[in-house]
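A short write-up of the structure that comes next.
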Amino acid sequence: MSSSLPVTNALQSIVPDGVLVRGRTVLCSGDAAMSTALLLVCAATQAGSWLAIVGVRDLGLMSACEQGVALQRTVLVTPTDNKKDWTSTVAAVADGFDVVMLEVPRDVSESDARRIQTRIQARRNVLVLVETSRQPVARSVFQPDVVLHTATASWQGIEHGAGYVQSRHIDVTVSGRRVPRAVQHVLQHVG
Amino acid sequence: MSKQKNEQIVASDTTRVAVILCTDWQAVAAQCELYTRKQWFDAVAVLHAQRVVARTAYAAKQGVQIGMRRREAQAVCPELHIAANNPERDRLMFEPVVRAVSELVPLVEVSTPGFILLATRGPSRYVGGDVALAQRLHSITHDALSLLADGRPIAFGVGIADGRLTAHVAAHAAAGRYVVIEPDDSAKCLAQLPVSVLADFAEIDRDVVSLLHRLGLSFLGDLVAMKLSDLVGRFGPVGQEIHRLARGFDRHPPITIAPPPERASTHRFELSVEDVNVVVTTARQVADELVSHLSSQGVSCVRLHVCMQTDHGEQSDRLWYQPEGLSAAAMAERVRWQMDAWVATRGLTSGVVLLRYSPVGLRARAGRQLGLWGGSTQADEWAARAVERLTAMLGSDSVRVAQWRGGRDVGEAFALTPAAVVDMERRAGSVITKETVWNGALPTPSPSIVYDEPLSAVVNDECGSEVSVSGRHELSAPPAHVQIGRHAYNVVSWAGPWPVEERWWDPLRQRRAIRMQMVLARDAVGTTRTTTHAVLMVLEHGEWWMTARYG
């Protein structure tokens, strides 16, 4: 088993080491969190890895498809509201899938988060946390190795009554345990 | 092969069965459950994946149809009560009916709630003929159902005929009464039915049925008259299935090779077990052994007899049917259903001591040719196993995969189907992607956040009056301010309006809407920086909704 999974060209200069290192946790936050997370995992799914999307609400599958996520290797899991079951569900998912995309519910404790991260490290998967809501839940309980914080700078292609949304500039701030100093990047991307 | 010869085969080979069918049971079950909470609604619809999957007879009369969206359904029937899909409830509410019928006929087959199938040979002789049996089944079901809702009418039908499909259609046609088709007439009746019954009652793909229509094969009789080799040549394996169904057989041929030596798997518990989970875990292990034994013989089980006994001598028997073959997980799930029902009806006074699986219907396992190299990988196998495990933990509706359906809305282009009914390893070798671009679909890129429940919004122009769209799709004024919930936004830029007119030929299901992309800005609290969001706004029935966000 190789020690990392590929990432798409657009993100290679942004993600530390230019790959998804197995055993790590990546947090995508900010207003472009969902599309960044999808972009982050698409190359891995195309290379044969399986993706489990756990509890991510309101995911646009059409967008996932357009960004190149291999839907034939993608499974959507809806965990129950019960917190104890949530942890065992994520653990079961980690047993079978290389990449786990997760939206963290509000009432997850730090010890549960630590248990999941240990599991991810032991099984050598990649955990991608998506934080679409305003409250920074995932960052407070998880210890992400890499944080990609996104903020949309500008939209292109849409005017006053003409055109349509074609692309946008996203400011990406990379930080986290594995990143010595926070770095700013610009990503041209939409979704 | 001549038509005469085929009919002879039908008369001799098919088993005579009775079917009790409650149409739209999911909706009726929801209605009855509401009634137990002292609420009664005439119009109830059950929604799954944002679509109506079942509705009560009254709602159907008002124009609510299968496949409608929530808002469409409420538009045609304002008093409609919407219930969420709940397979557990469907099974539990149906249990009194199953129990009442099993008092007359000990072994019944329930493949889905709302559908009971039983072989008539023994019971018919016992009560004195098919007509007498149909009458008995009708009155038993009627009594059981009227207890559920205090005598309010619940639609159901009883049909007796040769073969599963014929009896199913007969029960559907009975509509509140019973229909008995004489043994000689079954083939004739079946031949007169339109091919659409294959999709309605036998889960054949609608595309296949539509193709049959276009080929000029409108009735099942036309299929019977065709040569089997021609059908298989044109349709592949499905050709054989529809040919069998048209002749009144089960979808897959029963196995003709000698059955494997030890057909029944029995497990005796050393101590009696009362916990459902323990029984199911053991059931899974026994099922694993049984399935691997069967698959080493090259067969899979389509009809399974599950028998459980307690140490007080009570016994629960049930037949389960799954035309595609039951996996070990599916067998264990059936045991859970059977045990849950047994506990719920208080037929169980002590722990289970014996569990027995008897595979009574087998079919040849449709082999899959693995690639010489490449093919399915270790990762595919692990994922398939994890899917099975998660399905057992969470239920099949919580573990789903995407399948292309097509449509103009970003939310409906991909449908989610339970992973349990999909061959995961074969799927991994295919490519699931956009198959066609629909006229009138949104320009790409698509939004990555599509709200399950759209958010209500108010869109105003510069002067503060609401923006509307004329019959010629012209905006009353450029949008300037948007209010979503408690938050107010300014419109930075916008595109559209893009009209959507769907099914204008059908007054009940037609849909008119306007879509617009808008870039909204709101001054973030405490910073000077303005955050902007691109969103998709929809105007339908005079109301604005935010349906998606480019997140």
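All residue names refer to the structure tokens as shown: chains lettered A, B, ... in order, residues numbered from 1 in each chain, ligands numbered from 1 in order.
Scanning stretch 172-258 of chain B with DSSP on the backbone, the strand (DSSP E or B) assignments fall on Tyr178, Val179, Val180, Pro194 and Phe219 of chain B.
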Those residues with N, CA and C atoms, as a CSV table (one decimal), in the first residue's frame please?
```csv
chain,number,residue,atom,x,y,z
B,178,TYR,N,-62.5,-10.1,-4.4
B,178,TYR,CA,-61.5,-11.1,-4.7
B,178,TYR,C,-61.8,-11.6,-6.2
B,179,VAL,N,-60.7,-12.1,-6.8
B,179,VAL,CA,-60.8,-12.6,-8.2
B,179,VAL,C,-60.1,-14.0,-8.2
B,180,VAL,N,-60.8,-14.9,-8.7
B,180,VAL,CA,-60.2,-16.3,-8.9
B,180,VAL,C,-60.2,-16.6,-10.4
B,194,PRO,N,-51.4,-5.8,-20.9
B,194,PRO,CA,-50.4,-5.0,-21.6
B,194,PRO,C,-49.0,-5.3,-21.0
B,219,PHE,N,-48.7,-6.6,-25.9
B,219,PHE,CA,-49.4,-7.5,-24.9
B,219,PHE,C,-48.4,-8.7,-24.6
```
Exercise for the section: Determine which residues of chain B sit within 7 Å of chain A, taking into account only C-alpha atoms, and present them as a ChimeraX atom specification. Expected result: /B:379,382-383,386,390,398-402,410-411,413-414,427-428,430-433,445-452,493-496,532,550-551
Resulting file, chosen residues, C-alpha atoms, as a CSV table (one decimal), in the first residue's frame:
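Result file part12.csv:
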```csv
chain,number,residue,atom,x,y,z
B,379,ALA,CA,-10.1,-2.0,-2.2
B,382,TRP,CA,-13.1,-4.2,1.4
B,383,ALA,CA,-15.6,-1.5,0.4
B,386,ALA,CA,-18.0,-2.4,4.7
B,390,LEU,CA,-23.0,-0.7,7.5
B,398,SER,CA,-28.9,4.9,5.2
B,399,VAL,CA,-26.2,3.5,3.0
B,400,ARG,CA,-26.8,4.6,-0.6
B,401,VAL,CA,-25.1,5.1,-3.9
B,402,ALA,CA,-25.7,7.6,-6.7
B,410,VAL,CA,-29.4,19.9,-10.0
B,411,GLY,CA,-30.9,18.0,-7.1
B,413,ALA,CA,-30.1,14.4,-11.8
B,414,PHE,CA,-28.7,11.7,-9.6
B,427,ARG,CA,-20.4,-1.2,-10.1
B,428,ALA,CA,-16.8,-0.4,-9.3
B,430,SER,CA,-18.4,0.8,-14.5
B,431,VAL,CA,-18.4,4.6,-14.7
B,432,ILE,CA,-21.3,6.5,-13.1
B,433,THR,CA,-21.4,9.9,-14.7
B,445,PRO,CA,-20.4,24.2,-13.1
B,446,SER,CA,-23.2,23.0,-10.8
B,447,PRO,CA,-23.6,24.2,-7.2
B,448,SER,CA,-21.9,21.9,-4.6
B,449,ILE,CA,-24.5,22.5,-1.9
B,450,VAL,CA,-28.1,21.6,-2.9
B,451,TYR,CA,-30.6,22.0,-0.1
B,452,ASP,CA,-32.8,19.0,0.7
B,493,SER,CA,-24.8,40.6,-9.6
B,494,TRP,CA,-27.4,38.3,-11.1
B,495,ALA,CA,-28.1,36.2,-14.2
B,496,GLY,CA,-31.4,34.9,-15.6
B,532,THR,CA,-20.0,37.0,-1.2
B,550,TYR,CA,-22.0,27.5,-4.8
B,551,GLY,CA,-20.3,26.4,-1.6
```
Practice task
Please measure the separation of atom CA of B:Asn460 and atom CA of B:His481, giving the value in Å to one decimal.
Solution key: 5.2 Å
Handout entry: Selected residue of minimal separation from A:Gln46 among A:Val15, A:Thr8, A:Ser3, A:Val108, counting only C-alpha atoms
Key =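 Distance minimum relative to A:Gln46 lands on A:Thr8.
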Problem - Pick from A:Lys83, A:Arg114, A:His185, A:Arg124 nearest to A:Ser2, counting only C-alpha atoms - result: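 Among the listed residues, A:Arg124 lies closest to A:Ser2.
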Practice task
Step one, run DSSP on the backbone; step two, keep only residues of chain A assigned to helix (DSSP H, G or I); then write them as a ChimeraX atom specification.
Solution key: /A:9-12,16-18,33-46,61-67,71-73,83-96,110-123,137-141
Output C-alpha atoms for every residue in the selection just made, as a compact mmCIF listing (two decimals), in the first residue's frame.
```txt
# COMPACT_ATOMS: atom_id res chain seq x y z
CA ASN A 9 -3.18 19.33 -10.26
CA ALA A 10 -4.95 22.47 -9.09
CA LEU A 11 -4.34 21.61 -5.44
CA GLN A 12 -0.85 20.12 -5.70
CA PRO A 16 1.52 20.19 1.91
CA ASP A 17 3.72 17.56 0.14
CA GLY A 18 1.42 17.78 -2.91
CA ALA A 33 -15.49 24.18 2.00
CA MET A 34 -17.71 21.74 0.12
CA SER A 35 -16.25 22.24 -3.34
CA THR A 36 -12.69 22.27 -1.99
CA ALA A 37 -13.31 18.99 -0.19
CA LEU A 38 -14.71 17.42 -3.36
CA LEU A 39 -11.76 18.68 -5.38
CA LEU A 40 -9.40 17.31 -2.76
CA VAL A 41 -10.69 13.73 -3.00
CA CYS A 42 -11.48 13.46 -6.72
CA ALA A 43 -8.05 12.32 -7.93
CA ALA A 44 -7.87 9.64 -5.22
CA THR A 45 -11.24 8.17 -6.23
CA GLN A 46 -10.20 8.15 -9.88
CA LEU A 61 -23.92 15.09 -6.46
CA MET A 62 -23.97 16.80 -9.85
CA SER A 63 -21.13 19.05 -8.71
CA ALA A 64 -19.21 16.06 -7.32
CA CYS A 65 -19.57 14.36 -10.69
CA GLU A 66 -18.42 17.44 -12.62
CA GLN A 67 -15.37 17.90 -10.42
CA LEU A 71 -19.28 8.16 -8.21
CA GLN A 72 -19.02 4.42 -8.88
CA ARG A 73 -16.63 4.24 -5.93
CA LYS A 83 -23.89 9.88 19.39
CA LYS A 84 -22.65 6.44 20.40
CA ASP A 85 -23.84 4.95 17.12
CA TRP A 86 -22.22 7.81 15.25
CA THR A 87 -18.77 6.88 16.51
CA SER A 88 -19.18 3.20 15.71
CA THR A 89 -20.55 4.07 12.27
CA VAL A 90 -17.50 6.17 11.47
CA ALA A 91 -15.26 3.40 12.78
CA ALA A 92 -17.01 0.85 10.54
CA VAL A 93 -16.64 3.20 7.58
CA ALA A 94 -12.93 3.59 8.27
CA ASP A 95 -12.53 -0.19 8.00
CA GLY A 96 -13.60 -0.30 4.40
CA GLU A 110 -13.08 15.38 22.09
CA SER A 111 -12.47 11.81 23.20
CA ASP A 112 -14.67 10.46 20.39
CA ALA A 113 -12.83 12.64 17.92
CA ARG A 114 -9.48 11.39 19.23
CA ARG A 115 -10.66 7.78 18.96
CA ILE A 116 -11.67 8.31 15.34
CA GLN A 117 -8.38 9.99 14.48
CA THR A 118 -6.44 7.15 16.07
CA ARG A 119 -8.46 4.70 14.02
CA ILE A 120 -7.76 6.68 10.85
CA GLN A 121 -4.03 6.68 11.62
CA ALA A 122 -3.98 2.98 12.39
CA ARG A 123 -5.97 2.01 9.29
CA VAL A 137 -17.31 22.36 15.45
CA ALA A 138 -14.78 20.19 13.70
CA ARG A 139 -11.76 22.29 14.59
CA SER A 140 -12.59 22.46 18.25
CA VAL A 141 -12.77 18.69 18.75
```
Practice task
Please provide the set of residues having any atom within 12 Å of B:His473, restricted to only C-alpha atoms, with same-chain residues fewer than 4 positions apart removed, written as a PyMOL selection string.
Solution key: chain B and resi 468-469+477+496-501+512-516+539
Handout entry: Atom-to-atom span, atom CA of B:Thr166 and atom CA of B:Ser186, Å
Key =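 Taking atom CA of B:Thr166 as the start and atom CA of B:Ser186 as the end point, the length is 6.9 Å.
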Handout entry: Selection: 10 Å around B:Ser316, only C-alpha atoms, excl. self and same-chain fewer than 2 positions, as a count of residues only
Key = 16
